[in-house]
Structures are given as structure tokens and as C-alpha cells.
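Student: Can you read through this structure? Questions will come right after.
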Amino acid sequence: MFSQFFEFEFLRTTFYTGLIIGLIAPLLGTFVVVRRLALIADGLSHVTLAGIAFGLFMDKKYGLATLTPFTTGTIFSVFGALLIEKLRTVYKSYQDLAIPIILSGGVGLSVIFIALADGLNNDLYSYLFGSVSAVSRTDFNTIRIIAVVVLTLMIVFYKELFMLSFDEEHAEVSGIHAKRIHLLFILLTALVISASIRIVGVLLVSALMTLPVAASIRIAKGFKQTIIYSIIFGEASVIFGIISGYYLEIPPGGTIVMVSISILFITILAKNAWVSLQRKKAV
Amino acid sequence: MTAPIVEFKNITYAYEDKIALDNISLTLPKGAFLGLVGPNGGGKTTLIKLLLGVLKPQQGSINLFEKDIDQFKAWHKIGFVSQKANAFNRGFPATVKEVVGTGLTAQIGYLKLFTNKHRQKVKEAVALVGMSKYLNQNIGDLSGGQQQRVFIARALVSDPELLILDEPTVGIDTENVQKFYELLATLNREKGITLLLVSHDIGTMTKHANGIACLNKEIHFHGDTSSFNQLSEQRLSKFYGHDLNVVTHQH
């Protein structure tokens with residue numbers, strides 16, 4: 001079953017990319033979920049779609065091969081992250097307004113650029129729902145660089161990010177530069193989203209950041225354990241999702257998310273069964 | 001006489017056109033256990049925020065450990081337990097040791113990792129507040145009183161010389177409030193930690209603290225608890241701006 005994945009280079013690249021995003025998306029996702037910012041991933045993924053559509057339009061009209069849709073998507077995602085932060089300071093009492101503003105702006109721009117690039121095509125379809133054959137060698141190299149940057153910064157700033165997530169006021173009073181750390185976190189989220197889009201697709205990328213965490217949070221004790229379980233669930237979803245997507249000829253975004261949801265339901269049922277068993281024992 | 005570790009000199013602070021603190025001068029000597037009391041809106045939390053450097057005074061100066069607050073860098077010498085500390089997200093998946101560990105984040109500094117030495121300090125701080133057996137429990141699973149002990153451990157883990165507590169007993173049942181004050185008195189007596197406690201509970205405060213300061217935009221009284229207890233109710237009511245009934249707890 002696995003042999004084909006190591007026989008063909010494009011499948012091997014997809015598989016390795018999947019392993020990378022199965023690690024970094026739930027890692028960042030744990031912080032996104034506990035900070036109750038799950039919708040930020042959706043907002044940023046739609047801005048990334050605008051960037052991808054812009055890249056497709058530029059490629060179609062001007063044939064700019066150096067500026068791939070993946071690169072323009074990443075650039076838009078990072079700018080979207082900066083814009084969310086700016087809007088959050090403008091609307092201090094209504095900080096969640098920043099997300100619908102960015103999300104609708106992203107979709108609006110996407111529609112315009114898709115129309116200018118002469119409408120939907122297979123390439124765009126693969127960006128929306130992911131693909132097992134879309135990861136080029138250049139994309140893979142960029143994703144590897146993103147992964148190294150994200151992992152290094154997450155390890156180095158782990159204690160500050162955790163402190164800020166648990167108690168922002170305490171972090172500020174202790175002299176932690178809360179705004180800078182938060183900005184770093186949003187930028188890393190933007191990078192992880194753009195890295196994940198090739199495999200899981202724009203419309204489902206937030207699921208890979210939140211569903212494994214939703215399952216993990218039900219059973220984990222402590223924050224580190226939540227991260228570890230989230231990564232295990234994320235990797236399992238990506239591996240089974242990519243392989244089944246390939247054999248069933250379905251975009252992997254759909255299969256990855258359905259594996260994730262299955263894991264989530266199994267976890268919820270298993271936890272409920274465990275709790276009722278403990279209650280029975282206590283009685 | 002030792003120099004005070006906190007010294008407010010002629011501090012004035014206003015929010016837009018509303019004066020919160022008017023020409024306040026207050027000192028806190030090393031080893032003191034000072035209760036800061038006063039009505040809501042009397043400026044207690046503003047005073048704490050100024051002390052923590054979150055707000056800057058519009059007039060006057062603040063000295064911490066004999067240094068001007070602008071030059072003061074040793075923030076690990078000051079531990080703080082906020083009145084909002086136990087308003088955290090109860091579903092947050094963090095163990096007691098992870099929460100207490102955040103008390104060391106600023107002291108360890110950027111780009112440096114948590115080591116075994118830090119893990120040991122966390123264990124010691126948790127033991128100090130009597131919560132060792134809950135080290136690996138999620139904080140959301142503990143009672144309000146136990147959570148407050150965890151937040152004290154978080155404030156103590158960096159070995160502070162001054163511990164500031166802003167209304168720390170809100171939402172905690174009477175029995176645990178008593179235990180909580182006993183813990184503070186022990187920390188003050190045996191560890192020599194200077195305490196500044198903001199509370200509405202004047203009765204309990206007079207029992208445990210060794211000094212009281214009454215703040216309602218100005219300092220209306222600052223002295224030891226026995227002098228405070230001799231104040232007439234009429235004078236106290238004047239501080240609070242309304243009728244006041246002081247209930248002394250008999251434990």
C-alpha cells in the first residue's frame with residue numbers, strides 16, 4: 001500500500017509535506033484553540049486564497065513563473081495577519097470584528113482575481129480542496145523552510161506563548177512584550193496556513209489546526225500533553241487522509257478532515273465511556 | 001531603620017478628567033504586612049498598577065527597592081496576584097506545575113529554555129502553599145481556594161521580596177479565606193516576605209496585617225492595626241463616604 005508513495009517522487013514529496021503539516025498545524029493550532037482564536041485560521045486562509053488567485057492571475061496575464069501562486073498566497077497571508085492585528089487595535093472593544101472584515105475582504109478579492117484570471121480551473125480546484133499531486137519541488141522547499149522557522153521560534157518562545165495564552169494580564173505585568181509575542185504568533189499562524197494549503201486546501205486548512213486539538217483537549221492532562229496528542233492525531237489524519245485520498249481519487253483535504261472528525265468522535269465517545277465507568281466504580 | 005522597599009512620593013493620577021489618586025505619599029518598610037483598604041473607585045487598583053509599572057504617574061515619583069521605578073529592573077523581586085487571576089478559562093488544559101512555571105518566564109528571559117533547576121523551584125513553590133499532591137492536576141479541576149493557592153505559588157516561585165495581592169479572596173468560601181490569611185501570615189513571618197494586600201475585608205485584615213492604609217483618592221489613615229481599631233466608626237465612614245459597618249471576625 002505504501003510502496004507507491006516511495007516509488008514516485010511526486011507522491012513522496014506529498015507524503016513528506018503531509019508529515020510536516022501534520023506536525024506544525026496542530027502545534028500552532030493548540031495555541032489558536034486555547035486562545036479562542038479558531039476563526040483567525042479561517043480568516044487567514046481566505047486571504048491566502050486571494051493571494052493564490054492573484055498569483056494565478058499574474059501567471060495567466062504576464063507569465064511570471066518566479067512568483068508562484070503559493071508564494072503570493074504566503075505573502076497575502078502574512079499581510080492579512082498584520083492587518084488583523086492592526087484592526088484589533090482599531091476596534092479594541094470589538095476585537096473579533098477583525099476576522100469577518102479580513103475574511104470577507106479575502107473572499108471579495110479572490111472572486112475578483114479568479115474572474116480576471118478567466119474563472120475556475122483545475123489548478124484553483126486543487127488549492128481549494130488540496131491535492132496529492134500539487135506539491136512541486138519548489139513548494140516543498142519553501143514548506144521545509146517554513147517548518148524550520150516555525151519549529152525553532154515555537155521552541156524558543158514556547159514559555160512566553162504559553163504564559164500569554166494562559167493569562168495575558170499576568171504576562172504584561174511581568175514585563176513580557178505581549179504585543180510583540182502575539183504578533184509573532186499571528187505571523188507563524190499565517191505561515192503554517194500557507195504551508196498547509198497545498199495538501200489540505202484553503203477551505204479545510206483551519207480544520208487541521210483545530211480538530212486534532214478538539215480531540216486532544218478531551219483527554220490530555222496539561223498543555224504539553226495536549227500538544228503531543230494533537231500532533232499524533234494530526235499526523236494520523238494526514239497519513240490516512242493522503243493515502244485514502246490517493247486510492248479513492250478524492251482531494252486529500254476531504255479525507256484528512258473526515259479522518260480528523262472520526263478521531264474526534266471516537267475520543268469523545270471513549271472519554272464519556274471512561275467517565276461513566278469510573279462513576280460506576282465509585283458507586 | 002531600614003529604607004522602605006516601596007515609596008510613593010506625592011503621586012497624582014487621573015483618568016481623563018477624573019482624579020483617581022490625589023497627592024499620595026505612602027511607604028512600605030521591609031517585612032511589613034500592610035492592608036490597603038478603601039471604597040470601590042477609591043484608587044486601590046490604580047495604586048497597584050502604578051507600583052507594577054503598568055501606569056505611569058502624572059505627578060510625583062515611585063521608588064522600588066531604593067531605585068526610581070524607571071531605573072528598576074529586578075521585577076522578579078515583586079510577586080503579584082491579581083483580583084482577576086481566578087477568572088481564567090476553566091477549560092484551559094494546564095497543570096498546576098505548568099501554571100506555576102509561568103511565574104519564572106520573565107526571570108528566565110527571552111531565548112532561554114526551562115531547565116531542571118527551574119522545575120525544582122516550581123516544586124518548592126507548590127510545596128510552600130501546600131499543593132504538592134496536585135502538581136500534575138489540571139488547574140481547572142481544583143476548587144477556588146486551591147486555585148488561589150496555585151496563583152500565590154506562581155507569584156512566589158521567583159523568590160519575591162514583596163508580594164502584592166489585589167482582592168485575592170473574592171469568590172472563595174469563608175473557611176478557605178481563613179486558611180489563605182494564615183498562609184500569608186506564615187509567609188510574612190517565616191519567609192520575611194513583605195506583603196501588600198488590597199481587600200474590602202477590613203475585619204479579617206485587622207486580624208492578620210500589622211498595618212493598615214485607608215485610601216479614597218487620598219490616604220486618610222496609615223498606621224498600625226491597633227491604632228486603626230481605635231478609630232471611631234464616624235471617622236471610618238468619612239473615609240468611605242457612606243455608613244460603614246466593620247465586622248470583626250472571631251476565629
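Residues in the C-alpha cells are numbered from 1 in each chain, the chains being A, B, ... in the order shown, and ligands are numbered from 1 in the order shown.
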Output the contact residues of chain A with respect to chain B at a cut-off of 12 Å, based on only C-alpha atoms, as number ranges by chain.
Tutor: A: 30-31, 33-36, 152-178, 181, 213-214, 216-227
Student: By how many Å are atom CA of B:Asn23 and atom CA of B:Pro160 apart?
Tutor: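 A separation of 28.2 Å between them.
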Student: Using DSSP on the backbone, list every residue of stretch 49-141 of chain A that comes out as alpha helix (DSSP H), and give them as a count of residues only.
Tutor: 68
Student: List the spatial neighbours of A:Ile242 as a count of residues only - criterion: any atom at most 8 Å away, only C-alpha atoms, same-chain residues fewer than 4 positions off excluded.
Tutor: 8
Student: Leaving out B:Pro29 and any residue of its chain fewer than 6 positions from it, which residues lie within 9 Å of it when counting only C-alpha atoms, given as a list in words?
Tutor: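 With the cut-off at 9 Å, the set is Thr2, Ala3, Pro4, Ile5, Val6, Glu7 and Thr194 of chain B.
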Student: Quick one: DSSP strand (DSSP E) residues in stretch 7-240 of chain B, as an MDAnalysis selection string?
Tutor: chainID B and resid 7:15 18:28 33:37 59:64 67:68 78:81 162:166 194:198 211:216 218:224
Student: For C-alpha atoms, I'd like the residues from the last selection saved as a PDB file, in the first residue's frame.
Tutor:
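This is the output file part-v8.pdb:
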ATOM      1  CA  GLU B   7       7.975  54.640  48.435  1.00  0.00           C
ATOM      2  CA  PHE B   8       5.241  56.701  46.763  1.00  0.00           C
ATOM      3  CA  LYS B   9       6.063  60.404  46.833  1.00  0.00           C
ATOM      4  CA  ASN B  10       3.299  62.928  46.069  1.00  0.00           C
ATOM      5  CA  ILE B  11       1.656  60.744  43.443  1.00  0.00           C
ATOM      6  CA  THR B  12      -1.223  62.139  41.421  1.00  0.00           C
ATOM      7  CA  TYR B  13      -3.014  60.126  38.747  1.00  0.00           C
ATOM      8  CA  ALA B  14      -6.167  60.982  36.782  1.00  0.00           C
ATOM      9  CA  TYR B  15      -8.169  59.060  34.161  1.00  0.00           C
ATOM     10  CA  LYS B  18     -11.394  62.040  36.858  1.00  0.00           C
ATOM     11  CA  ILE B  19      -8.810  62.139  39.659  1.00  0.00           C
ATOM     12  CA  ALA B  20      -8.042  58.632  40.966  1.00  0.00           C
ATOM     13  CA  LEU B  21      -5.140  59.493  43.270  1.00  0.00           C
ATOM     14  CA  ASP B  22      -4.501  62.939  44.683  1.00  0.00           C
ATOM     15  CA  ASN B  23      -1.032  63.694  46.029  1.00  0.00           C
ATOM     16  CA  ILE B  24      -0.467  60.305  47.664  1.00  0.00           C
ATOM     17  CA  SER B  25       2.588  59.600  49.773  1.00  0.00           C
ATOM     18  CA  LEU B  26       2.963  56.121  51.235  1.00  0.00           C
ATOM     19  CA  THR B  27       5.892  53.963  52.323  1.00  0.00           C
ATOM     20  CA  LEU B  28       6.189  50.245  52.877  1.00  0.00           C
ATOM     21  CA  PHE B  33       2.184  43.263  56.141  1.00  0.00           C
ATOM     22  CA  LEU B  34       0.151  46.248  55.029  1.00  0.00           C
ATOM     23  CA  GLY B  35      -3.566  46.052  54.331  1.00  0.00           C
ATOM     24  CA  LEU B  36      -4.774  48.622  51.830  1.00  0.00           C
ATOM     25  CA  VAL B  37      -8.467  49.325  52.267  1.00  0.00           C
ATOM     26  CA  GLN B  59       2.947  63.744  39.120  1.00  0.00           C
ATOM     27  CA  GLY B  60       5.298  62.521  41.819  1.00  0.00           C
ATOM     28  CA  SER B  61       7.750  59.633  41.926  1.00  0.00           C
ATOM     29  CA  ILE B  62       7.873  55.978  42.943  1.00  0.00           C
ATOM     30  CA  ASN B  63      10.909  54.228  44.396  1.00  0.00           C
ATOM     31  CA  LEU B  64      11.165  50.442  44.491  1.00  0.00           C
ATOM     32  CA  LYS B  67      15.586  52.814  42.936  1.00  0.00           C
ATOM     33  CA  ASP B  68      13.422  55.070  40.845  1.00  0.00           C
ATOM     34  CA  ILE B  78       7.890  41.601  43.159  1.00  0.00           C
ATOM     35  CA  GLY B  79       5.193  38.925  43.028  1.00  0.00           C
ATOM     36  CA  PHE B  80       1.625  39.836  42.088  1.00  0.00           C
ATOM     37  CA  VAL B  81      -1.692  38.049  42.465  1.00  0.00           C
ATOM     38  CA  LEU B 162       7.421  41.850  48.037  1.00  0.00           C
ATOM     39  CA  LEU B 163       4.113  40.124  47.352  1.00  0.00           C
ATOM     40  CA  ILE B 164       1.150  42.220  46.193  1.00  0.00           C
ATOM     41  CA  LEU B 165      -2.323  40.725  46.340  1.00  0.00           C
ATOM     42  CA  ASP B 166      -5.272  42.596  44.838  1.00  0.00           C
ATOM     43  CA  THR B 194       6.753  41.924  52.649  1.00  0.00           C
ATOM     44  CA  LEU B 195       3.040  41.872  51.873  1.00  0.00           C
ATOM     45  CA  LEU B 196       0.735  44.476  50.416  1.00  0.00           C
ATOM     46  CA  LEU B 197      -2.828  43.216  50.458  1.00  0.00           C
ATOM     47  CA  VAL B 198      -5.762  45.053  48.922  1.00  0.00           C
ATOM     48  CA  GLY B 211      -0.507  47.921  59.320  1.00  0.00           C
ATOM     49  CA  ILE B 212      -3.497  49.457  57.566  1.00  0.00           C
ATOM     50  CA  ALA B 213      -3.706  52.231  54.985  1.00  0.00           C
ATOM     51  CA  CYS B 214      -7.099  53.735  54.075  1.00  0.00           C
ATOM     52  CA  LEU B 215      -7.249  55.071  50.544  1.00  0.00           C
ATOM     53  CA  ASN B 216     -10.024  57.090  48.987  1.00  0.00           C
ATOM     54  CA  GLU B 218      -6.095  60.414  49.350  1.00  0.00           C
ATOM     55  CA  ILE B 219      -4.520  58.460  52.201  1.00  0.00           C
ATOM     56  CA  HIS B 220      -6.914  59.048  55.108  1.00  0.00           C
ATOM     57  CA  PHE B 221      -5.123  56.805  57.568  1.00  0.00           C
ATOM     58  CA  HIS B 222      -1.825  54.957  57.679  1.00  0.00           C
ATOM     59  CA  GLY B 223      -0.727  53.280  60.872  1.00  0.00           C
ATOM     60  CA  ASP B 224      -0.623  50.040  62.811  1.00  0.00           C
TER      61      ASP B 224
END
Student: Rank A:Leu191, A:Gly254, A:Met209, A:Ala147 by their smallest atom-to-atom distance to A:Thr17, using only C-alpha atoms, and report the top residue only.
Tutor: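 The shortest atom-to-atom distance to A:Thr17 comes from A:Ala147.
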Student: Need to verify the contact set: stretch 87-91 of chain A, 12 Å, only C-alpha atoms, exclusion of same-chain residues closer than 2 positions in sequence. Can you return it as JSON, numbers by chain?
Tutor: {"A": [40, 80, 81, 82, 83, 84, 85, 93, 94, 95, 96, 97, 98, 99, 100, 101, 102, 179, 182, 183]}
Student: Which of these residues is nearest to B:Phe65, using only C-alpha atoms: B:Gln148, B:Leu51, B:His118, B:Gln178?
Tutor: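 For B:Phe65, the nearest of the candidates is B:Leu51.
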